[in-house]
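What follows is the content of data01.cif (mmCIF, C-alpha atoms).
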```cif
data_input
#
loop_
_atom_site.label_atom_id
_atom_site.label_comp_id
_atom_site.auth_asym_id
_atom_site.auth_seq_id
_atom_site.Cartn_x
_atom_site.Cartn_y
_atom_site.Cartn_z
CA MET N 1 -28.64 59.26 -12.23
CA LYS N 2 -31.40 61.35 -10.72
CA LYS N 3 -30.54 62.53 -7.19
CA ARG N 4 -32.88 63.80 -4.49
CA LYS N 5 -31.95 65.36 -1.22
CA ARG N 6 -34.66 65.00 1.40
CA ILE N 7 -34.81 66.46 4.87
CA TRP N 8 -35.65 63.93 7.56
CA MET N 9 -39.18 64.79 8.57
CA ILE N 10 -41.29 62.77 10.94
CA SER N 11 -44.64 64.09 12.02
CA MET N 12 -46.28 61.93 14.65
CA VAL N 13 -49.40 61.76 16.67
CA LEU N 14 -48.18 60.74 20.13
CA ALA N 15 -50.54 59.74 22.89
CA ILE N 16 -49.40 57.57 25.74
CA THR N 17 -52.08 55.60 27.53
CA ALA N 18 -50.88 55.11 31.06
CA ALA N 19 -52.97 52.01 31.61
CA HIS N 20 -51.64 50.17 28.61
CA GLY N 21 -48.48 52.03 27.54
CA THR N 22 -49.75 52.46 23.98
CA ILE N 23 -48.05 55.06 21.82
CA LEU N 24 -50.03 56.55 18.96
CA ALA N 25 -48.03 57.83 16.05
CA GLU N 26 -48.73 59.18 12.61
CA ALA N 27 -45.99 60.34 10.31
CA GLN N 28 -46.62 62.51 7.28
CA GLU N 29 -44.64 62.97 4.06
CA THR N 30 -44.07 65.93 1.75
CA GLU N 31 -46.55 66.37 -1.07
CA GLY N 32 -45.82 64.46 -4.23
CA SER N 33 -43.79 61.59 -2.79
CA VAL N 34 -46.57 59.02 -3.14
CA GLU N 35 -46.22 58.92 -6.94
CA ALA N 36 -42.82 57.30 -6.56
CA ILE N 37 -44.30 54.06 -5.28
CA THR N 38 -46.75 53.26 -8.06
CA GLN N 39 -44.39 52.30 -10.87
CA THR N 40 -40.74 51.68 -11.60
CA THR N 41 -38.47 51.16 -14.55
CA GLU N 42 -34.77 50.58 -14.89
CA ASP N 43 -32.84 52.09 -17.81
CA GLY N 44 -30.98 49.47 -19.72
CA THR N 45 -32.31 46.41 -17.92
CA GLU N 46 -34.61 45.31 -20.71
CA LEU N 47 -31.87 45.73 -23.31
CA ASP N 48 -29.37 43.85 -21.13
CA THR N 49 -31.82 40.99 -20.69
CA LYS N 50 -32.31 40.70 -24.45
CA ILE N 51 -28.56 40.58 -24.95
CA LEU N 52 -28.24 37.88 -22.32
CA MET N 53 -30.93 35.82 -23.97
CA GLU N 54 -29.23 36.15 -27.36
CA THR N 55 -26.00 34.78 -25.87
CA VAL N 56 -27.64 31.67 -24.44
CA LYS N 57 -29.56 30.34 -27.45
CA GLU N 58 -29.54 26.63 -27.32
CA HIS N 59 -27.52 24.48 -29.75
CA ILE N 60 -28.67 20.89 -29.58
CA ASP N 61 -26.89 18.15 -31.51
CA LEU N 62 -29.36 15.82 -33.10
CA PRO N 63 -28.74 12.06 -32.75
CA LYS N 64 -26.92 10.12 -35.46
CA GLU N 65 -28.90 8.81 -38.36
CA THR N 66 -30.97 5.80 -37.40
CA GLU N 67 -29.33 2.50 -38.32
CA GLN N 68 -31.11 0.33 -40.83
CA VAL N 69 -31.84 -3.22 -39.73
CA SER N 70 -32.14 -6.15 -42.20
CA GLY N 71 -32.23 -3.71 -45.07
CA CYS N 72 -35.41 -2.12 -43.85
CA LYS N 73 -35.59 1.64 -44.28
CA PRO N 74 -37.58 3.43 -41.54
CA THR N 75 -40.46 5.56 -42.67
CA GLU N 76 -40.15 9.35 -42.64
CA ASP N 77 -42.63 9.56 -39.75
CA ALA N 78 -40.61 7.05 -37.73
CA VAL N 79 -37.41 9.05 -38.23
CA LYS N 80 -39.15 12.23 -37.09
CA LYS N 81 -40.62 10.52 -34.04
CA SER N 82 -37.27 9.00 -33.06
CA SER N 83 -35.51 12.35 -33.41
CA VAL N 84 -38.07 14.14 -31.26
CA GLN N 85 -37.82 11.54 -28.52
CA GLN N 86 -34.02 11.68 -28.46
CA VAL N 87 -33.88 15.49 -28.53
CA LYS N 88 -36.07 15.58 -25.45
CA GLN N 89 -33.50 13.46 -23.64
CA VAL N 90 -30.63 15.88 -24.36
CA GLN N 91 -29.82 17.91 -21.25
CA LYS N 92 -29.57 21.65 -21.74
CA PRO N 93 -26.24 23.18 -20.68
CA VAL N 94 -25.86 25.54 -17.74
CA LYS N 95 -26.14 29.11 -18.99
CA LYS N 96 -24.15 32.02 -17.52
CA THR N 97 -24.83 35.75 -17.69
CA ALA N 98 -22.21 38.38 -18.47
CA ASN N 99 -21.39 38.78 -14.77
CA GLY N 100 -21.06 35.05 -14.21
CA GLN N 101 -24.42 34.36 -12.59
CA THR N 102 -26.32 31.27 -13.68
CA LEU N 103 -29.31 32.23 -15.85
CA LEU N 104 -32.59 30.54 -14.93
CA ASP N 105 -35.99 30.94 -16.56
CA VAL N 106 -38.95 30.23 -14.26
CA SER N 107 -41.29 29.97 -17.25
CA LYS N 108 -39.51 26.71 -18.16
CA GLY N 109 -39.98 24.92 -14.85
CA ASN N 110 -39.66 24.99 -11.07
CA ILE N 111 -36.37 26.45 -9.86
CA THR N 112 -34.67 24.94 -6.81
CA ILE N 113 -31.34 26.24 -5.54
CA LYS N 114 -29.52 23.67 -3.41
CA SER N 115 -26.13 23.47 -1.74
CA SER N 116 -25.07 21.46 -4.81
CA GLY N 117 -26.33 24.08 -7.26
CA ALA N 118 -29.51 24.94 -9.15
CA THR N 119 -31.95 22.64 -10.87
CA GLY N 120 -34.80 23.46 -13.24
CA GLY N 121 -35.56 26.75 -14.89
CA GLY N 122 -34.55 25.49 -18.34
CA THR N 123 -31.06 24.32 -17.41
CA SER N 124 -29.49 21.02 -16.46
CA SER N 125 -28.55 20.45 -12.83
CA GLU N 126 -25.38 22.17 -11.66
CA THR N 127 -22.71 20.18 -9.87
CA SER N 128 -21.95 22.98 -7.41
CA LEU N 129 -23.48 26.18 -6.07
CA ASN N 130 -22.52 29.21 -8.18
CA PRO N 131 -20.68 31.62 -5.83
CA LEU N 132 -21.70 34.54 -8.06
CA GLY N 133 -25.37 33.67 -7.68
CA TYR N 134 -28.34 33.38 -10.02
CA ARG N 135 -30.26 35.64 -12.37
CA ILE N 136 -33.89 34.61 -12.77
CA ILE N 137 -36.13 35.71 -15.62
CA GLY N 138 -39.53 34.66 -16.95
CA LYS N 139 -43.24 34.66 -16.22
CA THR N 140 -45.31 31.75 -14.96
CA THR N 141 -48.59 30.73 -13.41
CA SER N 142 -47.44 27.12 -12.93
CA TYR N 143 -43.97 27.09 -11.39
CA TYR N 144 -42.17 28.38 -8.29
CA ILE N 145 -38.76 29.42 -6.93
CA LYS N 146 -37.26 27.77 -3.85
CA VAL N 147 -33.95 28.10 -2.01
CA GLU N 148 -33.31 25.11 0.20
CA ALA N 149 -32.49 25.42 3.90
CA GLY N 150 -28.84 26.04 4.73
CA VAL N 151 -27.99 27.65 1.39
CA THR N 152 -26.33 31.08 1.14
CA THR N 153 -26.83 32.72 -2.25
CA ASP N 154 -27.48 35.89 -4.25
CA ILE N 155 -30.46 36.08 -6.58
CA THR N 156 -31.29 38.78 -9.12
CA LEU N 157 -34.97 38.94 -10.05
CA ASP N 158 -35.05 40.37 -13.57
CA ASN N 159 -38.62 41.22 -14.63
CA VAL N 160 -39.93 38.05 -13.02
CA SER N 161 -43.65 37.32 -12.62
CA VAL N 162 -44.80 34.34 -10.56
CA THR N 163 -48.50 33.83 -9.86
CA SER N 164 -49.57 30.92 -7.68
CA ASN N 165 -53.32 30.31 -7.50
CA SER N 166 -53.63 26.54 -7.19
CA GLY N 167 -52.15 23.62 -5.31
CA SER N 168 -50.03 23.97 -2.20
CA LYS N 169 -47.08 26.13 -3.13
CA ASN N 170 -45.49 29.50 -2.49
CA CYS N 171 -44.30 31.78 -5.27
CA MET N 172 -40.82 32.08 -3.76
CA ASP N 173 -39.60 30.34 -0.60
CA VAL N 174 -36.29 31.23 1.08
CA SER N 175 -36.98 29.70 4.51
CA HIS N 176 -33.90 28.89 6.64
CA ALA N 177 -31.53 30.17 3.93
CA ASN N 178 -29.36 33.28 3.69
CA VAL N 179 -30.56 35.05 0.57
CA THR N 180 -29.88 38.45 -0.96
CA ILE N 181 -32.47 39.41 -3.59
CA THR N 182 -31.50 42.18 -6.01
CA LEU N 183 -34.36 43.74 -7.96
CA ALA N 184 -33.96 44.57 -11.66
CA GLY N 185 -36.93 45.83 -13.66
CA ASN N 186 -40.51 45.15 -12.57
CA ASN N 187 -41.11 41.97 -10.57
CA MET N 188 -44.28 40.44 -9.18
CA LEU N 189 -44.97 37.58 -6.77
CA SER N 190 -48.70 36.96 -6.30
CA CYS N 191 -50.22 34.19 -4.19
CA GLY N 192 -53.92 33.39 -4.26
CA ILE N 193 -53.75 30.21 -2.14
CA GLN N 194 -55.00 30.29 1.44
CA ASN N 195 -52.26 29.68 4.01
CA TYR N 196 -49.40 30.07 1.50
CA GLY N 197 -47.52 33.11 0.29
CA ALA N 198 -45.70 35.28 -2.23
CA LEU N 199 -42.22 35.77 -0.69
CA VAL N 200 -41.91 33.34 2.21
CA LYS N 201 -39.41 33.07 5.06
CA ASP N 202 -40.62 30.73 7.80
CA GLY N 203 -39.15 30.59 11.29
CA MET N 204 -37.05 32.69 13.64
CA ASP N 205 -33.61 31.18 13.15
CA LYS N 206 -30.48 33.25 12.46
CA THR N 207 -30.79 33.23 8.66
CA GLU N 208 -31.30 36.54 6.88
CA LEU N 209 -33.24 37.81 3.89
CA ILE N 210 -31.96 40.99 2.21
CA ILE N 211 -33.88 42.86 -0.50
CA GLN N 212 -32.14 45.60 -2.43
CA CYS N 213 -31.94 47.47 -5.72
CA GLU N 214 -28.95 47.28 -8.05
CA HIS N 215 -27.57 50.52 -6.62
CA ALA N 216 -27.47 49.40 -3.00
CA GLY N 217 -24.16 50.36 -1.46
CA GLU N 218 -23.59 53.35 -3.73
CA LYS N 219 -22.80 56.36 -1.59
CA GLY N 220 -25.63 58.87 -1.49
CA HIS N 221 -28.02 56.75 -3.55
CA GLN N 222 -31.72 57.22 -2.88
CA CYS N 223 -34.22 55.06 -4.70
CA ASP N 224 -36.62 56.46 -7.25
CA LYS N 225 -38.80 55.06 -10.02
CA ASP N 226 -36.31 55.91 -12.77
CA THR N 227 -33.30 54.08 -11.41
CA CYS N 228 -34.43 51.22 -9.17
CA GLY N 229 -36.04 47.83 -9.61
CA SER N 230 -39.37 46.98 -8.04
CA LEU N 231 -41.18 44.13 -6.33
CA GLN N 232 -44.90 43.75 -5.95
CA ALA N 233 -45.68 41.07 -3.35
CA LYS N 234 -49.34 40.14 -2.97
CA GLY N 235 -51.51 37.76 -1.01
CA THR N 236 -54.86 37.84 -2.78
CA GLU N 237 -56.82 35.38 -0.63
CA MET N 238 -57.55 35.20 3.10
CA HIS N 239 -54.45 34.08 5.04
CA ALA N 240 -52.18 34.53 2.01
CA THR N 241 -48.80 36.02 2.94
CA ALA N 242 -47.12 38.87 1.07
CA ILE N 243 -43.66 38.97 2.69
CA GLY N 244 -43.29 36.83 5.82
CA ASN N 245 -44.01 33.36 7.19
CA ILE N 246 -47.03 31.31 6.16
CA ILE N 247 -50.00 30.02 8.10
CA ALA N 248 -49.64 26.49 6.67
CA ASN N 249 -46.59 25.97 8.93
CA ARG N 250 -47.49 28.10 11.94
CA THR N 251 -48.34 25.19 14.26
CA VAL N 252 -44.72 23.99 14.06
CA LYS N 253 -42.67 26.18 16.37
CA GLU N 254 -39.50 26.03 14.25
CA GLU N 255 -41.45 27.14 11.19
CA SER N 256 -43.59 29.82 12.81
CA GLY N 257 -42.76 33.51 13.16
CA PHE N 258 -40.67 35.83 11.00
CA SER N 259 -37.30 37.45 11.60
CA ASN N 260 -34.19 39.04 10.11
CA LEU N 261 -35.43 40.95 7.07
CA THR N 262 -33.35 43.88 5.81
CA ILE N 263 -34.57 46.12 3.00
CA LYS N 264 -31.71 48.17 1.57
CA GLY N 265 -33.44 49.51 -1.52
CA GLY N 266 -35.97 49.00 -4.28
CA ILE N 267 -39.57 50.03 -4.88
CA ILE N 268 -41.53 47.52 -2.81
CA ASN N 269 -45.31 47.27 -2.63
CA ALA N 270 -46.70 44.62 -0.30
CA GLN N 271 -50.29 43.73 0.53
CA ALA N 272 -51.41 40.52 2.20
CA GLY N 273 -54.73 38.76 2.38
CA GLU N 274 -57.14 39.11 5.29
CA HIS N 275 -55.63 38.38 8.74
CA ASN N 276 -52.03 38.82 7.55
CA CYS N 277 -49.73 41.81 7.72
CA ALA N 278 -47.99 42.96 4.55
CA ILE N 279 -44.45 42.56 5.90
CA GLY N 280 -43.95 40.45 9.02
CA ALA N 281 -45.30 37.52 11.01
CA ALA N 282 -48.48 35.75 9.93
CA CYS N 283 -51.79 35.58 11.77
CA GLY N 284 -51.66 33.41 14.90
CA SER N 285 -47.90 32.86 14.88
CA TYR N 286 -47.85 33.50 18.62
CA ALA N 287 -50.87 31.49 19.73
CA ASN N 288 -52.85 29.70 17.08
CA GLY N 289 -56.20 28.99 18.67
CA GLY N 290 -54.67 27.50 21.79
CA ILE N 291 -51.52 26.00 20.22
CA ASP N 292 -48.81 27.98 21.96
CA THR N 293 -46.03 28.34 19.43
CA LYS N 294 -45.05 31.69 21.00
CA GLN N 295 -43.43 33.01 17.82
CA TYR N 296 -43.63 36.59 16.53
CA ALA N 297 -42.05 39.26 14.30
CA LYS N 298 -38.47 40.22 15.10
CA ASN N 299 -35.66 42.31 13.64
CA ILE N 300 -37.22 43.95 10.58
CA ARG N 301 -34.87 46.63 9.24
CA ILE N 302 -35.47 49.22 6.53
CA GLU N 303 -32.39 51.12 5.41
CA GLY N 304 -33.51 52.48 2.04
CA GLY N 305 -35.98 52.17 -0.80
CA ILE N 306 -39.61 53.19 -1.15
CA ILE N 307 -41.81 50.75 0.72
CA THR N 308 -45.59 50.59 0.80
CA ALA N 309 -47.11 48.04 3.17
CA LYS N 310 -50.85 47.58 3.55
CA GLY N 311 -52.06 45.15 6.21
CA GLY N 312 -55.11 42.97 5.89
CA THR N 313 -58.08 42.99 8.27
CA LEU N 314 -56.90 42.77 11.92
CA CYS N 315 -53.25 43.18 10.87
CA ALA N 316 -50.57 45.84 10.84
CA GLY N 317 -48.90 46.97 7.64
CA ILE N 318 -45.45 46.16 9.03
CA GLY N 319 -45.04 43.92 12.08
CA GLY N 320 -47.60 41.40 13.24
CA GLY N 321 -50.59 39.62 11.80
CA LYS N 322 -53.67 38.91 13.87
CA VAL N 323 -52.68 38.76 17.58
CA THR N 324 -48.97 38.52 16.82
CA PRO N 325 -46.48 40.59 18.82
CA VAL N 326 -43.45 42.50 17.56
CA ASP N 327 -39.95 43.00 18.91
CA GLY N 328 -37.73 45.13 16.75
CA ILE N 329 -38.60 47.27 13.73
CA TYR N 330 -35.77 49.66 12.85
CA ILE N 331 -36.14 52.27 10.11
CA THR N 332 -32.93 54.14 9.37
CA GLY N 333 -33.45 55.29 5.78
CA GLY N 334 -35.81 55.32 2.83
CA THR N 335 -39.47 56.22 2.50
CA VAL N 336 -42.05 54.07 4.25
CA TYR N 337 -45.84 54.10 3.94
CA ALA N 338 -47.57 51.64 6.27
CA SER N 339 -51.29 51.25 6.95
CA GLY N 340 -53.16 48.83 9.19
CA GLY N 341 -56.46 47.00 8.92
CA LYS N 342 -59.31 46.81 11.43
CA TYR N 343 -58.16 47.21 15.07
CA SER N 344 -54.56 47.47 13.85
CA PRO N 345 -51.87 50.16 13.54
CA GLY N 346 -49.75 50.92 10.51
CA ILE N 347 -46.65 49.61 12.28
CA GLY N 348 -46.99 47.26 15.26
CA SER N 349 -48.99 44.20 16.30
CA GLY N 350 -52.24 42.92 14.85
CA GLY N 351 -55.66 43.09 16.49
CA ALA N 352 -58.65 40.79 17.01
CA GLU N 353 -62.42 40.77 17.30
CA THR N 354 -63.98 40.44 20.77
CA THR N 355 -66.17 37.66 19.41
CA GLU N 356 -63.08 35.44 19.36
CA SER N 357 -62.69 34.57 23.03
CA GLU N 358 -59.53 32.44 22.68
CA TRP N 359 -57.42 35.57 22.33
CA GLU N 360 -58.30 36.63 25.88
CA LYS N 361 -55.88 33.94 27.03
CA THR N 362 -52.90 35.61 25.32
CA PRO N 363 -52.91 39.36 26.06
CA GLU N 364 -49.14 39.43 25.44
CA GLY N 365 -49.91 38.59 21.83
CA PHE N 366 -50.65 42.29 21.34
CA ASN N 367 -47.31 43.52 22.75
CA VAL N 368 -44.94 45.78 20.80
CA SER N 369 -41.37 46.72 21.67
CA ASN N 370 -38.36 48.42 20.08
CA ILE N 371 -39.80 50.33 17.14
CA VAL N 372 -37.12 52.91 16.39
CA ILE N 373 -37.12 55.47 13.57
CA SER N 374 -33.79 57.23 13.10
CA GLY N 375 -31.26 58.26 10.48
CA GLY N 376 -30.99 61.20 8.13
CA SER N 377 -32.88 60.84 4.86
CA THR N 378 -35.79 58.96 6.38
CA LEU N 379 -39.47 59.57 5.85
CA VAL N 380 -42.19 57.51 7.51
CA LYS N 381 -45.95 57.72 7.25
CA ALA N 382 -47.75 55.20 9.46
CA VAL N 383 -51.52 55.23 9.80
CA GLY N 384 -53.86 53.00 11.72
CA ASP N 385 -57.39 52.07 10.80
CA LYS N 386 -59.55 55.18 11.05
CA ASN N 387 -62.86 53.38 11.61
CA THR N 388 -61.53 51.67 14.75
CA SER N 389 -59.48 54.68 15.94
CA MET N 390 -56.11 52.98 15.68
CA PRO N 391 -52.71 54.62 16.09
CA GLY N 392 -50.08 54.90 13.40
CA ILE N 393 -47.58 52.99 15.54
CA GLY N 394 -48.45 50.83 18.53
CA CYS N 395 -50.43 47.85 19.75
CA GLY N 396 -53.32 46.17 18.02
CA LYS N 397 -56.58 46.09 19.94
CA TYR N 398 -58.88 43.34 21.08
CA GLY N 399 -62.06 45.05 19.96
CA THR N 400 -62.11 48.27 21.96
CA LYS N 401 -59.66 46.87 24.53
CA THR N 402 -55.90 47.27 24.42
CA PRO N 403 -54.46 44.34 26.37
CA GLY N 404 -50.92 44.67 25.08
CA THR N 405 -48.17 47.10 26.05
CA ALA N 406 -45.88 49.24 23.90
CA THR N 407 -42.30 49.89 25.01
CA ASN N 408 -39.39 51.79 23.48
CA ILE N 409 -41.24 53.43 20.60
CA CYS N 410 -39.18 56.42 19.49
CA ALA N 411 -38.05 58.65 16.65
CA VAL N 412 -34.51 60.02 16.89
CA PRO N 413 -33.23 61.97 13.87
CA ASP N 414 -29.52 62.28 13.17
CA SER N 415 -27.72 65.47 14.12
CA GLY N 416 -28.38 68.23 11.62
CA TYR N 417 -31.84 67.00 10.64
CA GLN N 418 -35.16 68.28 11.91
CA GLY N 419 -37.87 66.25 13.56
CA TYR N 420 -41.44 67.39 14.11
CA ILE N 421 -44.00 66.04 16.57
CA GLN N 422 -47.55 67.30 16.47
CA ASP N 423 -51.09 66.32 17.31
CA GLY N 424 -53.42 64.96 14.66
CA THR N 425 -55.71 62.09 13.75
CA SER N 426 -55.03 58.88 11.87
CA GLU N 427 -56.10 58.43 8.26
CA ASN N 428 -57.91 55.52 6.67
CA ARG N 429 -55.44 55.12 3.83
CA VAL N 430 -51.91 55.98 2.86
#
```
How would this structure read if it were set down as structure tokens?
Amino acid sequence: MKKRKRIWMISMVLAITAAHGTILAEAQETEGSVEAITQTTEDGTELDTKILMETVKEHIDLPKETEQVSGCKPTEDAVKKSSVQQVKQVQKPVKKTANGQTLLDVSKGNITIKSSGATGGGTSSETSLNPLGYRIIGKTTSYYIKVEAGVTTDITLDNVSVTSNSGSKNCMDVSHANVTITLAGNNMLSCGIQNYGALVKDGMDKTELIIQCEHAGEKGHQCDKDTCGSLQAKGTEMHATAIGNIIANRTVKEESGFSNLTIKGGIINAQAGEHNCAIGAACGSYANGGIDTKQYAKNIRIEGGIITAKGGTLCAGIGGGKVTPVDGIYITGGTVYASGGKYSPGIGSGGAETTESEWEKTPEGFNVSNIVISGGSTLVKAVGDKNTSMPGIGCGKYGTKTPGTATNICAVPDSGYQGYIQDGTSENRV
């Protein structure tokens, strides 16, 4: 395995505005680290998948020969037709991978994981939830993956591609469930439907979403393109979520807002549609045009991996969508590149145009608190929108105004590592 030792280096632009408490921050990375985020492979994964598929080839018993009635012999076409109809009615057995996970193929149908087990994905319904979890393969532009509320499960995404461009559906929905997603190979979730999303977790309950590579937990492991799986999460239309809650449900308080995401590893590239952040709470989760749901982004943790997050217009890369506050972004490992859209920072809350007067009623919608960068092998580069003079880390703006406040924004390296703080200007891209 390829190892890299990196010195913890944070280079920030810090400027505290006394009137508004805004902290401006820009972190810079060592030359050459950006290449690690553009592609990923995993040695052996493709071969392992082929072996798994060979072991689960279907063996279907054809029905008994059709009985003859009154001495009449059915025609050859009739026999063929009868056989086809009866074969279709034969349920396919539950398939298991070498490590005991249930194998599901999203190219063969919608996958739903319930407390009673999985349905769809080319297998018959289970009678109980597999405690070892599920391995999902396949590519589709028609089907989706859903984990029902209340379920706790592990899912391995193995070179999965789900594109959702029609109807009213998310690519993958884990709302109100406790889900650990392990990335193997190259995976993509792409949503081109307004108000829906790629990887969706609605609400601010106590459930948790964990994303990791297959080497998470290995002592000293640091992700790179040669050893770790990847996930590309995209919202390709306005109001389409990449990783977070969706706008379709934001008017329902229990479904609005986003919380409890932990990234432990993997090569993750996230970019949302206009008005949504790449990773975090969707546009208007706090106050949707006068509907006071008062929800926001909370408890986003990055402990490893290589993460690139690009916010849409009026949104942060990591944190809040348009006029959506943030409480708690903790980065304690990995490499993070975050950039914001118009009137928005790389990490923090989203902004708004002054032509939209309803936002004047909710200045707290721009608030940011508890953004803490710490740990040893941690590298963060956060840049705000250059054209609107935004900070790397801080509050979104309401046009040229900054109505929100920023509190407890800090970078604290572990003992033995060096931290650098210097003046500079934000960049327009990562």
Original post:
Interatomic distance between atom CA of Gly375 of chain N and atom CA of Val412 of chain N?
Top reply: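 Atom CA of Gly375 of chain N sits 7.4 Å away from atom CA of Val412 of chain N.
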**OP:** Have a look at atom CA of Gln101 of chain N and atom CA of Met188 of chain N and let me know their distance in Å, one decimal.
**Re:**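 Atom CA of Gln101 of chain N sits 21.0 Å away from atom CA of Met188 of chain N.
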Original post:
What residues come out when you apply the PyMOL selection byres ((chain N and resi 170) around 8) to this file, written as a ChimeraX atom specification?
Top reply: /N:144,164,168-169,171-173,191,196-200
I need the chosen residues saved as a short mmCIF file (atom, residue, chain, number, x, y, z; two decimals), in the frame of the given file, with C-alpha atoms.
```cif
data_model
loop_
_atom_site.label_atom_id
_atom_site.label_comp_id
_atom_site.auth_asym_id
_atom_site.auth_seq_id
_atom_site.Cartn_x
_atom_site.Cartn_y
_atom_site.Cartn_z
CA TYR N 144 -42.17 28.38 -8.29
CA SER N 164 -49.57 30.92 -7.68
CA SER N 168 -50.03 23.97 -2.20
CA LYS N 169 -47.08 26.13 -3.13
CA CYS N 171 -44.30 31.78 -5.27
CA MET N 172 -40.82 32.08 -3.76
CA ASP N 173 -39.60 30.34 -0.60
CA CYS N 191 -50.22 34.19 -4.19
CA TYR N 196 -49.40 30.07 1.50
CA GLY N 197 -47.52 33.11 0.29
CA ALA N 198 -45.70 35.28 -2.23
CA LEU N 199 -42.22 35.77 -0.69
CA VAL N 200 -41.91 33.34 2.21
#
```
Original post:
Excluding same-chain residues fewer than 6 positions from segment 154-159 of chain N, what lies within 8 Å of it counting all atoms listed in the file, as a PyMOL selection string?
Top reply: chain N and resi 45+49+132-138+179-188
Write out the residues from the selection above, keeping C-alpha atoms, as a compact mmCIF listing (two decimals), in the frame of the given file.
```
# COMPACT_ATOMS: atom_id res chain seq x y z
CA THR N 45 -32.31 46.41 -17.92
CA THR N 49 -31.82 40.99 -20.69
CA LEU N 132 -21.70 34.54 -8.06
CA GLY N 133 -25.37 33.67 -7.68
CA TYR N 134 -28.34 33.38 -10.02
CA ARG N 135 -30.26 35.64 -12.37
CA ILE N 136 -33.89 34.61 -12.77
CA ILE N 137 -36.13 35.71 -15.62
CA GLY N 138 -39.53 34.66 -16.95
CA VAL N 179 -30.56 35.05 0.57
CA THR N 180 -29.88 38.45 -0.96
CA ILE N 181 -32.47 39.41 -3.59
CA THR N 182 -31.50 42.18 -6.01
CA LEU N 183 -34.36 43.74 -7.96
CA ALA N 184 -33.96 44.57 -11.66
CA GLY N 185 -36.93 45.83 -13.66
CA ASN N 186 -40.51 45.15 -12.57
CA ASN N 187 -41.11 41.97 -10.57
CA MET N 188 -44.28 40.44 -9.18
```
**OP:** Carefully work through the PyMOL selection byres ((chain N and resi 247-263) around 7) for this structure and note down the residues it includes, as an NGL selection string.
**Re:** :N and (195-196 or 201-204 or 207-212 or 239 or 244-246 or 264-265 or 280-283 or 285 or 288 or 291 or 293 or 295-304)
**OP:** Determine the nearest neighbour of Ser349 of chain N from the options N:Cys277, N:Ile307, N:Leu314, N:Val326, counting all atoms listed in the file.
**Re:**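 For Ser349 of chain N, the nearest of the candidates is N:Val326.
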Original post:
For the point (-35.9, 30.1, -13.6) in file coordinates, what residues are within 6 Å, counting only C-alpha atoms? Give the answer as an MDAnalysis selection string?
Top reply: chainID N and resid 104:106 111 121 136:137
Subject >> Computed interatomic separation between atom CA of Glu214 of chain N and atom CA of Ala309 of chain N (Å) >> reply: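 Spanning atom CA of Glu214 of chain N to atom CA of Ala309 of chain N is a straight-line distance of 21.4 Å.
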Segment 188-277 of chain N residues near segment 333-342 of chain N within 12 Å, closest pair each, using all atoms listed in the file, as a Markdown table:
```
| residue | atom | partner | partner_atom | distance |
| --- | --- | --- | --- | --- |
| N:Gln212 | CA | N:Gly334 | CA | 11.6 |
| N:Ala216 | CA | N:Gly334 | CA | 11.8 |
| N:Gly220 | CA | N:Gly333 | CA | 11.3 |
| N:His221 | CA | N:Gly334 | CA | 10.2 |
| N:Gln222 | CA | N:Gly334 | CA | 7.3 |
| N:Cys223 | CA | N:Gly334 | CA | 7.7 |
| N:Asp224 | CA | N:Thr335 | CA | 10.2 |
| N:Thr262 | CA | N:Gly333 | CA | 11.4 |
| N:Ile263 | CA | N:Gly334 | CA | 9.3 |
| N:Lys264 | CA | N:Gly334 | CA | 8.3 |
| N:Gly265 | CA | N:Gly334 | CA | 7.6 |
| N:Gly266 | CA | N:Gly334 | CA | 9.5 |
| N:Ile267 | CA | N:Thr335 | CA | 9.6 |
| N:Ile268 | CA | N:Val336 | CA | 9.6 |
| N:Asn269 | CA | N:Tyr337 | CA | 9.5 |
| N:Ala270 | CA | N:Ala338 | CA | 9.7 |
| N:Gln271 | CA | N:Ser339 | CA | 9.9 |
| N:Ala272 | CA | N:Gly341 | CA | 10.6 |
| N:Gly273 | CA | N:Gly341 | CA | 10.7 |
| N:Glu274 | CA | N:Gly341 | CA | 8.7 |
| N:His275 | CA | N:Gly341 | CA | 8.7 |
| N:Asn276 | CA | N:Gly341 | CA | 9.4 |
| N:Cys277 | CA | N:Gly340 | CA | 8.0 |
```
Original post:
With distances taken over only C-alpha atoms, which of N:Lys95, N:Lys386, N:Lys397, N:Lys381 is nearest to Glu353 of chain N?
Top reply: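 Looking at the shortest contact to Glu353 of chain N, the residue is N:Lys397.
The closest residue to Thr332 of chain N, picked from N:Asn370, N:Ser115, N:Asn130, N:Thr378 and counting all atoms listed in the file, is N:Thr378.
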Original post:
Given the choices N:Ile331, N:Val174, N:Ala98, N:Ile279, which gets closest to Cys410 of chain N if the distance is worked out from only C-alpha atoms?
Top reply: N:Ile331
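When all atoms listed in the file are used to measure the gap to Thr313 of chain N, the shortest distance among N:Gly289, N:Met238, N:Ala382, N:Ile373 belongs to N:Met238.
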